[in-house]
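A quick write-up on the structure given underneath.
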Amino acid sequence: MSGLFGPRGPLSEAVLGLVTAGPPGAGRLLAPPGPFTDPWGEDHQLALHLCYELHDRGLPGIHPGWEWEPELLLLRRALERSFLAAVRSAAEPVRPLSEVLDAMLVEPAEGTGPSHFLLAEGERRHVREYLVHRSVYHLKEADPQLWVLPRIHGPAQAALMAIAYDEYGAGRPDRAHSVLFARMMAAFGLEPRYGHYLDLVPAPALAVVNLMTLFGLNRALRGAAVGQFAAIEITSSPGSARLAAALERLGGGPDGTLFYREHIEADAVHEQLVRRGVIEELVAAEPELEPDIAFGLTAAEVLDDRFADHLLGCWRAGLTSLRAPLPDPWD
């Protein structure tokens with residue numbers, strides 16, 4: 001992470017003020033946490049993202065001991081509870097698992113999401129913005145989901161591990177999906193360093209990734225974590241085909257299209273494996289998790305829809321979907 005980011009309000013300022021004061025014990029919160037008036041907002045989502053990064057790649061120049069510092073964990077937990085309550089409210093009513101899965105397997109006759117827009121009328125500037133949004137997750141693809149692996153067991157764990165093995169290149173580091181995404185960013189004149197564009201990425205994109213980590217880090221939400229991961233795998237293949245075609249049309253070349261071409265076939269296989277090998281086996285072993293899996297699937301769809309609405313609302317209005325325009329790579 002490059003460190004090129006700043007606070008977006010009192011909550012993210014509090015997190016940064018605490019962890020930049022020195023090692024744990026050297027600083028104190030700049031303000032008491034809450035009230036959390038907008039869990040979907042820029043300040044809340046950045047604060048939560050920064051807390052989560054301490055469990056992942058870390059923050060530049062920040063002492064690693066902050067990861068488990070009780071003072072910061074109290075703030076993170078309060079941020080999580082507010083965000084999770086907002087997600088649960090937006091996801092209601094959650095239908096039975098079988099109905100949620102059946103609905104996800106049907107492609108709308110006339111799709112209207114970002115992949116449809118990019119294929120039909122997208123310009124190179126739209127693709128570059130889209131890749132910046134998605135870089136928050138895809139430059140660490142599957143990392144948030146790995147938290148759930150030691151929390152499920154038996155056939156479901158084995159099937160999930162088989163999917164994860166593919167995500168990391170099936171033994172070939174150069175084929176890891178995060179590496180392929182970095183190559184795609186470079187092909188479109190973007191800086192592929194992890195976290196480089198964090199300051200430009202708005203709350204709707206951060207919320208999608210924060211939800212993954214929230215589910216993954218909390219054992220009580222392991223069923224929701226499985227549902228969220230399943231939502232990615234079930235819906236990925238058709239969208240990846242559209243995105244590969246869109247990027248090829250816009251001059252992506254081999255490096256600029258390989259990431260999505262890889263996902264067309266891989267996620268078609270993963271869709272079957274996650275439904276039969278992970279979800280069915282997990283429900284058989286722990287039937288009490290079935291409602292949580294349905295919630296994870298539904299919540300993932302809700303946040304993806306919010307992100308899509310943000311993108312398309314900005315693009316159709318002729319505005320950047322980022323917090324500031326990207327610099328032209330040829331300037």
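Going by the structure tokens order, chains are called A, B, ..., each with residues numbered from 1, while ligands are numbered from 1 in the order shown.
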Who sits within 10 Å of segment 101-103 of chain A, only C-alpha atoms, same chain under 4 positions skipped, as an mmCIF file with C-alpha atoms, in the first residue's frame:
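For reference, result36.cif as written:
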```cif
data_model
loop_
_atom_site.group_PDB
_atom_site.id
_atom_site.type_symbol
_atom_site.label_atom_id
_atom_site.label_comp_id
_atom_site.auth_asym_id
_atom_site.auth_seq_id
_atom_site.Cartn_x
_atom_site.Cartn_y
_atom_site.Cartn_z
ATOM 1 C CA ARG A 95 -35.428 -15.801 0.950
ATOM 2 C CA PRO A 96 -34.740 -19.511 1.579
ATOM 3 C CA LEU A 97 -31.355 -20.699 0.355
ATOM 4 C CA GLU A 107 -29.114 -14.411 -16.304
ATOM 5 C CA PRO A 108 -31.575 -11.536 -16.941
ATOM 6 C CA GLY A 227 -22.499 -17.411 0.844
ATOM 7 C CA ALA A 230 -20.417 -18.454 -3.560
ATOM 8 C CA ALA A 231 -22.102 -15.332 -4.972
ATOM 9 C CA ILE A 234 -21.881 -18.324 -9.295
ATOM 10 C CA ARG A 275 -22.838 -25.224 -4.933
ATOM 11 C CA ALA A 294 -28.608 -17.376 2.228
ATOM 12 C CA LEU A 297 -25.524 -14.586 -0.898
ATOM 13 C CA THR A 298 -28.181 -11.891 -0.568
#
```
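Residues in contact with Ala308 of chain A at 10 Å, where only C-alpha atoms are counted and same-chain residues fewer than 2 positions away are skipped, are listed as Thr112, Gly113, Pro114, Ser115, Pro204, Ala205, Val302, Leu303, Asp304, Asp305, Arg306, His310, Leu311, Leu312, Gly313 and Cys314 of chain A.
Counting from atom CA of Val87 of chain A, the distance to atom CA of Ala299 of chain A is 6.5 Å.
Using only C-alpha atoms, the shortest contact distance between Pro7 of chain A and any of A:Glu42, A:Arg219, A:Ala324, A:Glu280 is found at A:Glu42.
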task = Using atom CA of Ala158 of chain A and atom CA of Arg175 of chain A as the two end points, give the distance in Å to one decimal.
result = 21.3 Å
ask   = Can you list, as a PyMOL selection string, every residue of segment 153-265 of chain A that DSSP puts in alpha helix (DSSP H)?
value = chain A and resi 155-167+177-187+203-217+222-249+253-265
message = List the spatial neighbours of Glu13 of chain A as an MDAnalysis selection string - criterion: any atom at most 8 Å away, only C-alpha atoms, same-chain residues fewer than 5 positions off excluded.
response = chainID A and resid 6:8 30 47
key: Nearest-residue call for His44 of chain A, choices A:Leu16, A:Val209, A:Ile232, A:Ala203, using only C-alpha atoms   = A:Ala203
request  = Write out as a PyMOL selection string which residues come within 12 Å of Leu247 of chain A when counting only C-alpha atoms, dropping same-chain ones fewer than 2 positions away.
outcome  = chain A and resi 115-128+130-131+184-185+187-188+240-245+249-261
task = For Glu141 of chain A, list every protein, DNA or RNA residue within 10 Å, evaluated using only C-alpha atoms, and leave out those in the same chain fewer than 5 positions away; present the list as a VMD selection string.
result = chain A and resid 134 to 136 146 164 167 to 168 176 to 179 181
